[in-house]
file my_file-v1.cif (mmCIF, C-alpha atoms)
data_structure
#
loop_
_atom_site.label_atom_id
_atom_site.label_comp_id
_atom_site.auth_asym_id
_atom_site.auth_seq_id
_atom_site.Cartn_x
_atom_site.Cartn_y
_atom_site.Cartn_z
CA MET G 1 0.00 0.00 0.00
CA GLU G 2 1.40 3.39 -1.03
CA ASN G 3 2.18 5.77 1.83
CA PHE G 4 -0.10 8.81 1.96
CA ILE G 5 1.67 12.19 1.86
CA VAL G 6 -0.32 15.16 3.18
CA SER G 7 -0.95 17.89 0.60
CA ALA G 8 0.99 20.50 2.60
CA ARG G 9 4.16 18.40 2.07
CA LYS G 10 3.37 16.98 -1.36
CA TYR G 11 2.66 20.40 -2.89
CA ARG G 12 5.26 22.36 -0.93
CA PRO G 13 6.89 24.89 -3.30
CA ASP G 14 10.42 23.99 -4.42
CA THR G 15 11.19 27.07 -6.52
CA PHE G 16 10.82 30.80 -5.92
CA GLU G 17 8.29 30.94 -8.77
CA SER G 18 6.00 28.40 -7.09
CA VAL G 19 5.80 30.31 -3.77
CA ILE G 20 2.26 31.67 -3.42
CA ALA G 21 1.56 35.41 -2.88
CA GLN G 22 5.05 36.47 -1.67
CA LYS G 23 6.31 37.88 -4.97
CA ALA G 24 8.07 40.94 -3.49
CA ILE G 25 10.12 38.79 -1.12
CA THR G 26 11.04 36.09 -3.66
CA ASN G 27 12.06 38.74 -6.23
CA THR G 28 14.28 40.48 -3.65
CA LEU G 29 15.97 37.19 -2.73
CA LYS G 30 16.48 36.27 -6.39
CA ASN G 31 18.02 39.68 -7.13
CA ALA G 32 20.36 39.32 -4.14
CA ILE G 33 21.53 35.94 -5.47
CA LYS G 34 21.87 37.26 -9.02
CA SER G 35 23.96 40.27 -7.96
CA ASN G 36 25.90 38.22 -5.38
CA GLN G 37 24.88 40.59 -2.57
CA LEU G 38 24.01 38.08 0.13
CA ALA G 39 23.59 39.19 3.73
CA HIS G 40 24.97 36.98 6.49
CA ALA G 41 21.68 36.97 8.44
CA TYR G 42 18.01 37.11 7.44
CA LEU G 43 14.87 37.25 9.56
CA PHE G 44 11.69 35.87 7.99
CA CYS G 45 8.64 36.82 10.02
CA GLY G 46 4.89 36.55 9.51
CA PRO G 47 1.86 34.39 10.37
CA ARG G 48 1.99 30.59 10.38
CA GLY G 49 1.76 28.66 7.14
CA VAL G 50 2.64 31.48 4.71
CA GLY G 51 5.97 30.14 3.41
CA LYS G 52 8.74 31.36 5.74
CA THR G 53 10.56 28.03 6.20
CA THR G 54 9.79 27.04 2.60
CA CYS G 55 11.44 30.22 1.27
CA ALA G 56 14.40 29.67 3.60
CA ARG G 57 14.93 26.17 2.16
CA ILE G 58 14.56 27.34 -1.45
CA PHE G 59 17.01 30.19 -0.78
CA ALA G 60 19.51 27.79 0.83
CA LYS G 61 19.22 25.38 -2.09
CA THR G 62 19.54 28.10 -4.74
CA ILE G 63 22.66 29.85 -3.35
CA ASN G 64 24.52 26.51 -3.40
CA CYS G 65 23.40 25.53 -6.90
CA SER G 66 26.34 25.39 -9.32
CA ASN G 67 24.22 25.82 -12.45
CA LEU G 68 21.53 28.46 -11.87
CA THR G 69 18.86 28.90 -14.55
CA SER G 70 18.32 32.22 -16.36
CA GLU G 71 15.40 32.90 -13.97
CA THR G 72 17.76 32.55 -10.96
CA GLU G 73 16.26 29.25 -9.89
CA ALA G 74 18.05 26.08 -8.75
CA CYS G 75 18.75 23.65 -11.60
CA ASN G 76 17.75 20.49 -9.64
CA GLU G 77 20.45 18.60 -11.54
CA CYS G 78 23.81 19.50 -9.97
CA GLU G 79 25.26 17.49 -7.09
CA SER G 80 24.22 20.10 -4.49
CA CYS G 81 20.59 20.22 -5.70
CA VAL G 82 20.32 16.44 -5.92
CA SER G 83 21.62 16.00 -2.36
CA PHE G 84 19.22 18.69 -1.13
CA ASN G 85 16.21 17.11 -2.90
CA SER G 86 17.01 13.73 -1.36
CA SER G 87 17.38 15.27 2.15
CA ARG G 88 21.06 14.38 2.52
CA SER G 89 22.66 17.80 2.08
CA PHE G 90 25.33 18.70 4.64
CA ASN G 91 25.16 22.39 3.66
CA ILE G 92 21.76 23.05 5.21
CA HIS G 93 21.20 22.77 8.95
CA GLU G 94 17.80 23.25 10.56
CA LEU G 95 17.28 23.93 14.25
CA ASP G 96 13.90 24.07 15.96
CA ALA G 97 14.34 26.77 18.61
CA ALA G 98 11.11 25.69 20.32
CA SER G 99 12.79 22.53 21.61
CA ASN G 100 16.48 23.57 21.37
CA ASN G 101 16.42 26.91 23.15
CA SER G 102 19.17 26.66 25.76
CA VAL G 103 22.64 28.25 25.85
CA ASP G 104 24.22 24.82 25.26
CA ASP G 105 22.17 24.30 22.08
CA ILE G 106 23.37 27.65 20.70
CA ARG G 107 26.98 26.93 21.71
CA ASN G 108 26.83 23.63 19.84
CA LEU G 109 25.53 25.55 16.82
CA THR G 110 28.27 28.18 16.98
CA ASP G 111 30.92 25.44 17.22
CA GLN G 112 29.42 23.82 14.11
CA VAL G 113 29.43 27.13 12.22
CA ARG G 114 33.24 27.18 12.14
CA ILE G 115 33.33 24.06 9.92
CA PRO G 116 33.35 25.01 6.20
CA PRO G 117 30.99 23.24 3.78
CA GLN G 118 32.22 20.06 2.13
CA MET G 119 30.36 20.88 -1.08
CA GLY G 120 29.01 24.19 -2.39
CA ARG G 121 29.84 27.70 -1.24
CA TYR G 122 27.66 28.22 1.83
CA SER G 123 26.55 26.51 5.01
CA VAL G 124 23.02 27.72 5.74
CA TYR G 125 21.57 27.58 9.26
CA ILE G 126 17.78 27.82 9.42
CA ILE G 127 16.52 28.49 12.96
CA ASP G 128 12.73 28.07 13.17
CA GLU G 129 10.60 29.72 15.88
CA VAL G 130 13.65 31.75 16.89
CA HIS G 131 11.59 33.84 19.37
CA MET G 132 11.55 30.77 21.64
CA LEU G 133 15.27 31.09 22.45
CA SER G 134 16.00 32.03 26.04
CA ALA G 135 17.53 35.45 26.84
CA GLN G 136 20.84 33.75 27.63
CA ALA G 137 20.76 31.84 24.33
CA PHE G 138 20.10 35.08 22.41
CA ASN G 139 23.11 36.71 24.09
CA ALA G 140 25.31 33.70 23.35
CA PHE G 141 24.25 33.93 19.69
CA LEU G 142 24.93 37.66 19.23
CA LYS G 143 28.64 37.61 18.43
CA THR G 144 28.37 34.73 15.95
CA LEU G 145 25.40 36.40 14.24
CA GLU G 146 27.29 39.68 13.91
CA GLU G 147 30.58 38.24 12.60
CA PRO G 148 30.04 34.76 11.16
CA PRO G 149 32.56 33.05 8.88
CA ASN G 150 32.26 33.95 5.19
CA HIS G 151 30.72 30.58 4.38
CA ALA G 152 27.88 30.85 6.97
CA ILE G 153 24.43 32.33 6.38
CA PHE G 154 21.74 32.41 9.06
CA ILE G 155 18.02 32.44 8.29
CA LEU G 156 15.85 33.01 11.34
CA ALA G 157 12.09 32.37 11.10
CA THR G 158 9.46 33.53 13.57
CA THR G 159 5.75 34.17 13.96
CA GLU G 160 6.36 36.68 16.78
CA LYS G 161 8.91 39.32 15.78
CA HIS G 162 8.09 41.50 18.80
CA LYS G 163 9.63 38.86 21.11
CA ILE G 164 13.06 39.09 19.49
CA ILE G 165 15.55 41.40 21.20
CA PRO G 166 16.53 44.57 19.24
CA THR G 167 20.22 43.59 19.11
CA ILE G 168 19.26 40.50 17.09
CA LEU G 169 16.91 42.47 14.82
CA SER G 170 19.62 45.04 14.04
CA ARG G 171 21.93 42.29 12.74
CA CYS G 172 19.41 40.86 10.23
CA GLN G 173 17.77 41.78 6.95
CA ILE G 174 14.07 41.57 7.86
CA PHE G 175 11.41 40.19 5.50
CA ASP G 176 7.76 40.43 6.54
CA PHE G 177 5.61 37.73 4.94
CA ASN G 178 1.97 38.57 4.19
CA ARG G 179 -1.14 36.58 4.96
CA ILE G 180 -2.24 34.85 1.78
CA GLY G 181 -5.44 36.19 0.23
CA VAL G 182 -8.59 34.10 -0.13
CA SER G 183 -8.43 34.23 -3.95
CA ASP G 184 -4.79 33.01 -4.00
CA ILE G 185 -5.58 30.15 -1.62
CA THR G 186 -8.67 29.19 -3.64
CA SER G 187 -6.67 29.15 -6.90
CA HIS G 188 -4.00 26.92 -5.37
CA LEU G 189 -6.61 24.57 -3.91
CA GLU G 190 -8.18 24.27 -7.37
CA TYR G 191 -4.77 23.25 -8.74
CA VAL G 192 -4.27 20.68 -5.94
CA ALA G 193 -7.79 19.28 -6.40
CA LYS G 194 -7.23 18.91 -10.15
CA SER G 195 -3.85 17.22 -9.56
CA GLU G 196 -5.43 14.77 -7.10
CA GLY G 197 -8.43 14.04 -9.33
CA VAL G 198 -10.86 15.54 -6.82
CA GLU G 199 -14.03 17.18 -8.08
CA VAL G 200 -14.91 20.07 -5.77
CA GLU G 201 -17.40 22.96 -5.90
CA SER G 202 -15.76 26.40 -6.02
CA GLU G 203 -17.98 27.69 -3.17
CA GLY G 204 -16.61 24.91 -0.98
CA LEU G 205 -13.01 25.87 -1.76
CA ASN G 206 -13.86 29.47 -0.92
CA VAL G 207 -15.12 28.43 2.53
CA ILE G 208 -11.90 26.43 3.13
CA ALA G 209 -9.82 29.46 2.09
CA GLN G 210 -11.70 31.75 4.49
CA LYS G 211 -11.43 29.22 7.32
CA ALA G 212 -7.64 29.00 6.78
CA ASP G 213 -7.27 32.68 7.75
CA GLY G 214 -4.40 33.44 5.37
CA ALA G 215 -2.36 30.27 6.02
CA MET G 216 -1.81 28.01 3.00
CA ARG G 217 -0.67 25.10 5.17
CA ASP G 218 -3.92 25.27 7.16
CA ALA G 219 -5.95 25.39 3.94
CA LEU G 220 -4.24 22.25 2.58
CA SER G 221 -4.73 20.43 5.91
CA ILE G 222 -8.45 21.30 5.86
CA PHE G 223 -8.65 20.19 2.21
CA ASP G 224 -7.18 16.77 3.13
CA GLN G 225 -9.67 16.49 5.99
CA ILE G 226 -12.63 17.25 3.69
CA VAL G 227 -11.42 14.77 1.04
CA SER G 228 -11.15 12.07 3.73
CA PHE G 229 -14.75 12.86 4.68
CA SER G 230 -16.23 13.14 1.18
CA GLY G 231 -14.02 11.14 -1.17
CA LYS G 232 -13.24 12.31 -4.69
CA LYS G 233 -16.37 14.45 -5.03
CA VAL G 234 -16.62 17.37 -2.59
CA THR G 235 -19.70 19.59 -2.42
CA TYR G 236 -20.25 22.92 -0.68
CA LYS G 237 -22.59 21.13 1.77
CA ASP G 238 -19.85 18.62 2.64
CA VAL G 239 -17.47 21.48 3.48
CA ILE G 240 -19.81 23.42 5.76
CA THR G 241 -20.95 20.22 7.48
CA ASN G 242 -17.41 19.04 8.17
CA LEU G 243 -16.11 22.45 9.27
CA ASN G 244 -19.24 23.35 11.23
CA VAL G 245 -19.71 26.56 9.23
CA LEU G 246 -23.07 28.27 8.95
CA ASP G 247 -24.52 28.10 5.45
CA TYR G 248 -24.66 31.41 3.53
CA ASP G 249 -28.33 30.60 2.83
CA TYR G 250 -29.27 31.27 6.45
CA TYR G 251 -27.92 34.81 6.30
CA PHE G 252 -29.47 35.58 2.92
CA LYS G 253 -32.81 34.28 4.20
CA LEU G 254 -32.55 36.31 7.41
CA VAL G 255 -31.84 39.58 5.59
CA ASP G 256 -34.88 38.99 3.35
CA GLN G 257 -36.93 38.48 6.52
CA PHE G 258 -35.46 41.60 8.14
CA LEU G 259 -36.43 43.69 5.11
CA LYS G 260 -40.02 42.31 5.34
CA ASN G 261 -40.15 43.05 9.11
CA ASP G 262 -41.06 39.38 9.63
CA VAL G 263 -40.11 38.99 13.31
CA THR G 264 -41.80 35.58 13.59
CA GLN G 265 -39.78 34.01 10.79
CA VAL G 266 -36.58 35.68 12.02
CA LEU G 267 -36.98 34.04 15.44
CA LEU G 268 -37.84 30.67 13.88
CA THR G 269 -34.78 30.82 11.61
CA PHE G 270 -32.55 31.62 14.61
CA ASP G 271 -34.08 28.67 16.49
CA ASP G 272 -33.34 26.43 13.51
CA ILE G 273 -29.69 27.60 13.56
CA LEU G 274 -29.39 26.80 17.29
CA SER G 275 -30.96 23.38 16.76
CA HIS G 276 -28.16 22.57 14.29
CA GLY G 277 -25.60 23.00 17.07
CA PHE G 278 -24.34 26.54 16.39
CA ASP G 279 -24.01 28.91 19.33
CA GLY G 280 -25.31 32.47 19.38
CA HIS G 281 -21.87 34.07 19.32
CA HIS G 282 -20.89 32.17 16.17
CA PHE G 283 -24.16 33.25 14.58
CA ILE G 284 -23.92 36.95 15.48
CA ASN G 285 -20.32 37.12 14.21
CA GLY G 286 -21.40 35.62 10.91
CA LEU G 287 -24.35 38.01 10.68
CA SER G 288 -22.04 41.02 11.22
CA ASN G 289 -19.76 39.77 8.45
CA HIS G 290 -22.76 39.30 6.16
CA PHE G 291 -23.89 42.91 6.72
CA ARG G 292 -20.32 44.09 6.09
CA ASP G 293 -20.15 42.13 2.82
CA LEU G 294 -23.48 43.59 1.69
CA LEU G 295 -22.18 47.10 2.44
CA VAL G 296 -19.04 46.65 0.31
CA CYS G 297 -21.29 45.47 -2.55
CA LYS G 298 -23.14 48.80 -2.53
CA ASP G 299 -20.26 50.51 -4.36
CA PRO G 300 -18.61 49.04 -7.48
CA ALA G 301 -15.25 50.36 -6.22
CA THR G 302 -15.40 48.25 -3.04
CA VAL G 303 -16.84 45.03 -4.50
CA GLN G 304 -13.23 43.76 -4.78
CA LEU G 305 -13.16 43.62 -0.94
CA LEU G 306 -15.72 40.81 -1.06
CA GLU G 307 -13.78 37.57 -0.60
CA VAL G 308 -16.27 35.18 -2.14
CA GLY G 309 -16.66 34.06 -5.71
CA GLY G 310 -18.98 32.86 -8.41
CA GLU G 311 -22.68 32.42 -7.77
CA ILE G 312 -22.55 33.61 -4.14
CA LYS G 313 -20.97 36.92 -5.20
CA GLU G 314 -23.93 37.55 -7.51
CA ARG G 315 -26.35 36.81 -4.64
CA TYR G 316 -24.57 39.40 -2.50
CA LYS G 317 -24.87 42.00 -5.27
CA GLN G 318 -28.60 41.27 -5.72
CA GLN G 319 -29.37 41.49 -2.00
CA ALA G 320 -27.23 44.63 -1.62
CA GLY G 321 -29.45 46.25 -4.25
CA LEU G 322 -32.55 45.54 -2.12
CA ALA G 323 -31.09 46.75 1.20
CA GLY G 324 -30.45 50.44 1.82
CA SER G 325 -27.10 51.65 3.15
CA GLY G 326 -28.80 53.20 6.19
CA PHE G 327 -30.43 49.87 7.11
CA LEU G 328 -27.14 47.97 6.70
CA LEU G 329 -25.18 50.44 8.84
CA ASP G 330 -27.80 50.38 11.63
CA ALA G 331 -28.03 46.58 11.47
CA LEU G 332 -24.25 46.27 11.60
CA GLN G 333 -24.12 48.52 14.66
CA ILE G 334 -26.77 46.44 16.47
CA SER G 335 -25.05 43.14 15.65
CA ASN G 336 -21.67 44.52 16.78
CA GLU G 337 -23.17 45.73 20.07
CA CYS G 338 -24.61 42.23 20.59
CA ASP G 339 -21.22 40.66 19.83
CA TYR G 340 -19.55 42.98 22.39
CA GLN G 341 -22.13 42.24 25.11
CA TYR G 342 -22.36 38.49 24.46
CA LYS G 343 -19.74 37.28 26.95
CA LEU G 344 -21.17 39.45 29.76
CA SER G 345 -24.78 38.42 29.23
CA GLN G 346 -26.47 35.93 31.59
CA ASN G 347 -29.19 35.09 29.05
CA LYS G 348 -27.27 34.86 25.79
CA ARG G 349 -30.14 33.57 23.66
CA LEU G 350 -32.39 36.45 24.74
CA LEU G 351 -29.61 38.95 23.96
CA VAL G 352 -29.33 37.69 20.38
CA GLU G 353 -33.11 37.48 19.94
CA LEU G 354 -33.50 41.10 21.08
CA ALA G 355 -30.81 42.15 18.60
CA ILE G 356 -32.42 40.42 15.62
CA ILE G 357 -35.89 41.74 16.60
CA ARG G 358 -34.46 45.28 16.63
CA ILE G 359 -32.90 44.70 13.19
CA ALA G 360 -36.22 43.35 11.86
CA GLN G 361 -37.92 46.59 12.93
CA LEU G 362 -35.39 49.00 11.42
CA THR G 363 -37.16 49.44 8.09
CA LEU G 364 -40.54 49.54 9.88
CA LYS G 365 -39.49 52.74 11.68
CA LYS G 366 -38.64 54.43 8.40
CA LYS G 367 -41.98 53.67 6.70
#
call {"tool": "encode", "arguments": {"input": "my_file-v1.cif", "output": "structure tokens"}}
result
Amino acid sequence: MENFIVSARKYRPDTFESVIAQKAITNTLKNAIKSNQLAHAYLFCGPRGVGKTTCARIFAKTINCSNLTSETEACNECESCVSFNSSRSFNIHELDAASNNSVDDIRNLTDQVRIPPQMGRYSVYIIDEVHMLSAQAFNAFLKTLEEPPNHAIFILATTEKHKIIPTILSRCQIFDFNRIGVSDITSHLEYVAKSEGVEVESEGLNVIAQKADGAMRDALSIFDQIVSFSGKKVTYKDVITNLNVLDYDYYFKLVDQFLKNDVTQVLLTFDDILSHGFDGHHFINGLSNHFRDLLVCKDPATVQLLEVGGEIKERYKQQAGLAGSGFLLDALQISNECDYQYKLSQNKRLLVELAIIRIAQLTLKKK
């Protein structure tokens, strides 16, 4: 039986060109390699799952390649590239600072740094989660980081730049990685689904992308989870069921009921949502986001801020045309007040019911 490889590993980028949504950073690194202006220390910071360690590995592989392509990418054919691809390169050293954060661990590293590479030009030391180093370990690392041997390059990666002492920051070139946009994640998931022979509805991929909160690794992990649940054919319903996400239909239906001042149906719809296992706080957050998305659809210039696609985007535009801006702003204010008061309330269901009753009466007051 063939061993299963999770999508986050199987589809991990191996060239600068294949890194998703970090074009400014990859171009800067490629230009530094091309012009032979390499710093001795880099700090890659940003949220989880956006490509920090991946870029560090690609950079380490590329600077040791003996036959770079015209696009400043590794050739994957020379001895250095082949050894890297088969995970037996002695030029690249990775240290997890979360579990190796003592002074002794750093001293062992600094002793190792003195040894020149056996093959290639540089020894690259990738230190992941560098903010986890102890204060003493940081201090022990300072001198080596400031004046390393010519063959040594350090790449530090962290999700929490604010925890790194200023003396370390001042010795590094700092690259801030961005959260990956919903559209970029969706496009990559479509590519992965096609490669794996999985048929999936675009609305479902959009929900996965939003749930991933800007992290490609999280999106691929969720995708694997959904495929395990649904098999080779994934529907939008499968995704929202597995991820416990409220269906868009509930919010569209509720806004129609609000505009008709139908308090009875509004309360019944909310009861139906609760009976499906969703709590009031989850619901009110989703309702606030729905009002926000309708507001951005009111102006053609802000429609691009709507992070949904296809058929659902058209539904937002249609409903935005029926709802006035004044109603949406007032409704958004009420739902936000409810969200703020939710944790303090003793009767949480009543709090949400009062909020949605008030929203259902907004247009009634203006008639």
call {"tool": "residues_around", "arguments": {"input": "my_file-v1.cif", "residues": "G:Ile284", "least_positions_apart": "6", "cutoff": "9 Å", "atoms": "all atoms listed in the file", "output": "list in words"}}
result
Ser335, Asn336, Cys338, Asp339 and Val352 of chain G
call {"tool": "closest_residue", "arguments": {"input": "my_file-v1.cif", "among": "G:Leu294, G:Leu189, G:Cys81, G:Ile180", "to": "G:Leu322", "atoms": "all atoms listed in the file"}}
result
G:Leu294
call {"tool": "atom_distance", "arguments": {"input": "my_file-v1.cif", "atom1": "atom CA of G:Met216", "atom2": "atom CA of G:Tyr191"}}
result
13.0 Å
call {"tool": "residues_around", "arguments": {"input": "my_file-v1.cif", "residues": "stretch 197-214 of chain G", "least_positions_apart": "4", "cutoff": "9 Å", "atoms": "all atoms listed in the file", "output": "PyMOL selection string"}}
result
chain G and resi 47-50+178-187+189-190+192-193+218-220+222-223+227+231-240+243+245+307-312
call {"tool": "closest_residue", "arguments": {"input": "my_file-v1.cif", "among": "G:Leu38, G:Leu68, G:Ala56, G:Val255", "to": "G:His151", "atoms": "only C-alpha atoms"}}
result
G:Leu38
call {"tool": "decode", "arguments": {"input": "my_file-v1.cif", "residues": "stretch 203-302 of chain G", "atoms": "C-alpha atoms", "output": "PDB file, in the first residue's frame"}}
result
ATOM      1  CA  GLU G 203     -17.976  27.694  -3.170  1.00  0.00           C
ATOM      2  CA  GLY G 204     -16.610  24.910  -0.978  1.00  0.00           C
ATOM      3  CA  LEU G 205     -13.008  25.872  -1.761  1.00  0.00           C
ATOM      4  CA  ASN G 206     -13.857  29.470  -0.919  1.00  0.00           C
ATOM      5  CA  VAL G 207     -15.120  28.431   2.528  1.00  0.00           C
ATOM      6  CA  ILE G 208     -11.900  26.434   3.132  1.00  0.00           C
ATOM      7  CA  ALA G 209      -9.820  29.464   2.086  1.00  0.00           C
ATOM      8  CA  GLN G 210     -11.695  31.745   4.490  1.00  0.00           C
ATOM      9  CA  LYS G 211     -11.432  29.222   7.321  1.00  0.00           C
ATOM     10  CA  ALA G 212      -7.642  29.000   6.782  1.00  0.00           C
ATOM     11  CA  ASP G 213      -7.270  32.684   7.755  1.00  0.00           C
ATOM     12  CA  GLY G 214      -4.402  33.442   5.372  1.00  0.00           C
ATOM     13  CA  ALA G 215      -2.364  30.274   6.022  1.00  0.00           C
ATOM     14  CA  MET G 216      -1.810  28.015   3.005  1.00  0.00           C
ATOM     15  CA  ARG G 217      -0.674  25.100   5.166  1.00  0.00           C
ATOM     16  CA  ASP G 218      -3.923  25.271   7.163  1.00  0.00           C
ATOM     17  CA  ALA G 219      -5.947  25.385   3.937  1.00  0.00           C
ATOM     18  CA  LEU G 220      -4.242  22.251   2.585  1.00  0.00           C
ATOM     19  CA  SER G 221      -4.731  20.431   5.907  1.00  0.00           C
ATOM     20  CA  ILE G 222      -8.445  21.302   5.856  1.00  0.00           C
ATOM     21  CA  PHE G 223      -8.648  20.194   2.210  1.00  0.00           C
ATOM     22  CA  ASP G 224      -7.177  16.770   3.128  1.00  0.00           C
ATOM     23  CA  GLN G 225      -9.673  16.489   5.986  1.00  0.00           C
ATOM     24  CA  ILE G 226     -12.632  17.248   3.687  1.00  0.00           C
ATOM     25  CA  VAL G 227     -11.424  14.769   1.036  1.00  0.00           C
ATOM     26  CA  SER G 228     -11.149  12.075   3.730  1.00  0.00           C
ATOM     27  CA  PHE G 229     -14.751  12.860   4.684  1.00  0.00           C
ATOM     28  CA  SER G 230     -16.231  13.139   1.183  1.00  0.00           C
ATOM     29  CA  GLY G 231     -14.017  11.144  -1.166  1.00  0.00           C
ATOM     30  CA  LYS G 232     -13.241  12.307  -4.688  1.00  0.00           C
ATOM     31  CA  LYS G 233     -16.365  14.454  -5.025  1.00  0.00           C
ATOM     32  CA  VAL G 234     -16.619  17.372  -2.594  1.00  0.00           C
ATOM     33  CA  THR G 235     -19.697  19.593  -2.420  1.00  0.00           C
ATOM     34  CA  TYR G 236     -20.251  22.917  -0.680  1.00  0.00           C
ATOM     35  CA  LYS G 237     -22.588  21.127   1.770  1.00  0.00           C
ATOM     36  CA  ASP G 238     -19.846  18.622   2.637  1.00  0.00           C
ATOM     37  CA  VAL G 239     -17.465  21.475   3.480  1.00  0.00           C
ATOM     38  CA  ILE G 240     -19.813  23.423   5.755  1.00  0.00           C
ATOM     39  CA  THR G 241     -20.947  20.217   7.482  1.00  0.00           C
ATOM     40  CA  ASN G 242     -17.409  19.038   8.175  1.00  0.00           C
ATOM     41  CA  LEU G 243     -16.111  22.452   9.265  1.00  0.00           C
ATOM     42  CA  ASN G 244     -19.239  23.355  11.231  1.00  0.00           C
ATOM     43  CA  VAL G 245     -19.709  26.560   9.228  1.00  0.00           C
ATOM     44  CA  LEU G 246     -23.074  28.274   8.948  1.00  0.00           C
ATOM     45  CA  ASP G 247     -24.524  28.100   5.454  1.00  0.00           C
ATOM     46  CA  TYR G 248     -24.658  31.407   3.526  1.00  0.00           C
ATOM     47  CA  ASP G 249     -28.328  30.595   2.826  1.00  0.00           C
ATOM     48  CA  TYR G 250     -29.273  31.271   6.447  1.00  0.00           C
ATOM     49  CA  TYR G 251     -27.921  34.810   6.304  1.00  0.00           C
ATOM     50  CA  PHE G 252     -29.467  35.584   2.924  1.00  0.00           C
ATOM     51  CA  LYS G 253     -32.809  34.280   4.195  1.00  0.00           C
ATOM     52  CA  LEU G 254     -32.555  36.314   7.413  1.00  0.00           C
ATOM     53  CA  VAL G 255     -31.837  39.582   5.588  1.00  0.00           C
ATOM     54  CA  ASP G 256     -34.878  38.990   3.354  1.00  0.00           C
ATOM     55  CA  GLN G 257     -36.926  38.478   6.523  1.00  0.00           C
ATOM     56  CA  PHE G 258     -35.457  41.602   8.141  1.00  0.00           C
ATOM     57  CA  LEU G 259     -36.434  43.691   5.108  1.00  0.00           C
ATOM     58  CA  LYS G 260     -40.019  42.314   5.338  1.00  0.00           C
ATOM     59  CA  ASN G 261     -40.148  43.053   9.114  1.00  0.00           C
ATOM     60  CA  ASP G 262     -41.059  39.381   9.628  1.00  0.00           C
ATOM     61  CA  VAL G 263     -40.109  38.987  13.307  1.00  0.00           C
ATOM     62  CA  THR G 264     -41.801  35.584  13.590  1.00  0.00           C
ATOM     63  CA  GLN G 265     -39.776  34.008  10.785  1.00  0.00           C
ATOM     64  CA  VAL G 266     -36.583  35.676  12.018  1.00  0.00           C
ATOM     65  CA  LEU G 267     -36.983  34.036  15.442  1.00  0.00           C
ATOM     66  CA  LEU G 268     -37.845  30.671  13.879  1.00  0.00           C
ATOM     67  CA  THR G 269     -34.777  30.822  11.612  1.00  0.00           C
ATOM     68  CA  PHE G 270     -32.549  31.620  14.608  1.00  0.00           C
ATOM     69  CA  ASP G 271     -34.076  28.668  16.494  1.00  0.00           C
ATOM     70  CA  ASP G 272     -33.337  26.429  13.508  1.00  0.00           C
ATOM     71  CA  ILE G 273     -29.688  27.596  13.564  1.00  0.00           C
ATOM     72  CA  LEU G 274     -29.390  26.805  17.287  1.00  0.00           C
ATOM     73  CA  SER G 275     -30.955  23.378  16.765  1.00  0.00           C
ATOM     74  CA  HIS G 276     -28.156  22.570  14.288  1.00  0.00           C
ATOM     75  CA  GLY G 277     -25.602  23.000  17.068  1.00  0.00           C
ATOM     76  CA  PHE G 278     -24.338  26.543  16.389  1.00  0.00           C
ATOM     77  CA  ASP G 279     -24.014  28.911  19.329  1.00  0.00           C
ATOM     78  CA  GLY G 280     -25.307  32.470  19.377  1.00  0.00           C
ATOM     79  CA  HIS G 281     -21.868  34.068  19.319  1.00  0.00           C
ATOM     80  CA  HIS G 282     -20.887  32.165  16.172  1.00  0.00           C
ATOM     81  CA  PHE G 283     -24.159  33.246  14.580  1.00  0.00           C
ATOM     82  CA  ILE G 284     -23.919  36.950  15.475  1.00  0.00           C
ATOM     83  CA  ASN G 285     -20.323  37.117  14.214  1.00  0.00           C
ATOM     84  CA  GLY G 286     -21.398  35.619  10.910  1.00  0.00           C
ATOM     85  CA  LEU G 287     -24.346  38.012  10.683  1.00  0.00           C
ATOM     86  CA  SER G 288     -22.042  41.018  11.216  1.00  0.00           C
ATOM     87  CA  ASN G 289     -19.756  39.766   8.446  1.00  0.00           C
ATOM     88  CA  HIS G 290     -22.757  39.305   6.155  1.00  0.00           C
ATOM     89  CA  PHE G 291     -23.889  42.913   6.716  1.00  0.00           C
ATOM     90  CA  ARG G 292     -20.323  44.093   6.092  1.00  0.00           C
ATOM     91  CA  ASP G 293     -20.153  42.130   2.818  1.00  0.00           C
ATOM     92  CA  LEU G 294     -23.482  43.593   1.685  1.00  0.00           C
ATOM     93  CA  LEU G 295     -22.177  47.098   2.441  1.00  0.00           C
ATOM     94  CA  VAL G 296     -19.044  46.655   0.312  1.00  0.00           C
ATOM     95  CA  CYS G 297     -21.293  45.474  -2.551  1.00  0.00           C
ATOM     96  CA  LYS G 298     -23.137  48.802  -2.534  1.00  0.00           C
ATOM     97  CA  ASP G 299     -20.261  50.509  -4.356  1.00  0.00           C
ATOM     98  CA  PRO G 300     -18.608  49.043  -7.481  1.00  0.00           C
ATOM     99  CA  ALA G 301     -15.250  50.357  -6.215  1.00  0.00           C
ATOM    100  CA  THR G 302     -15.398  48.252  -3.036  1.00  0.00           C
TER     101      THR G 302
END
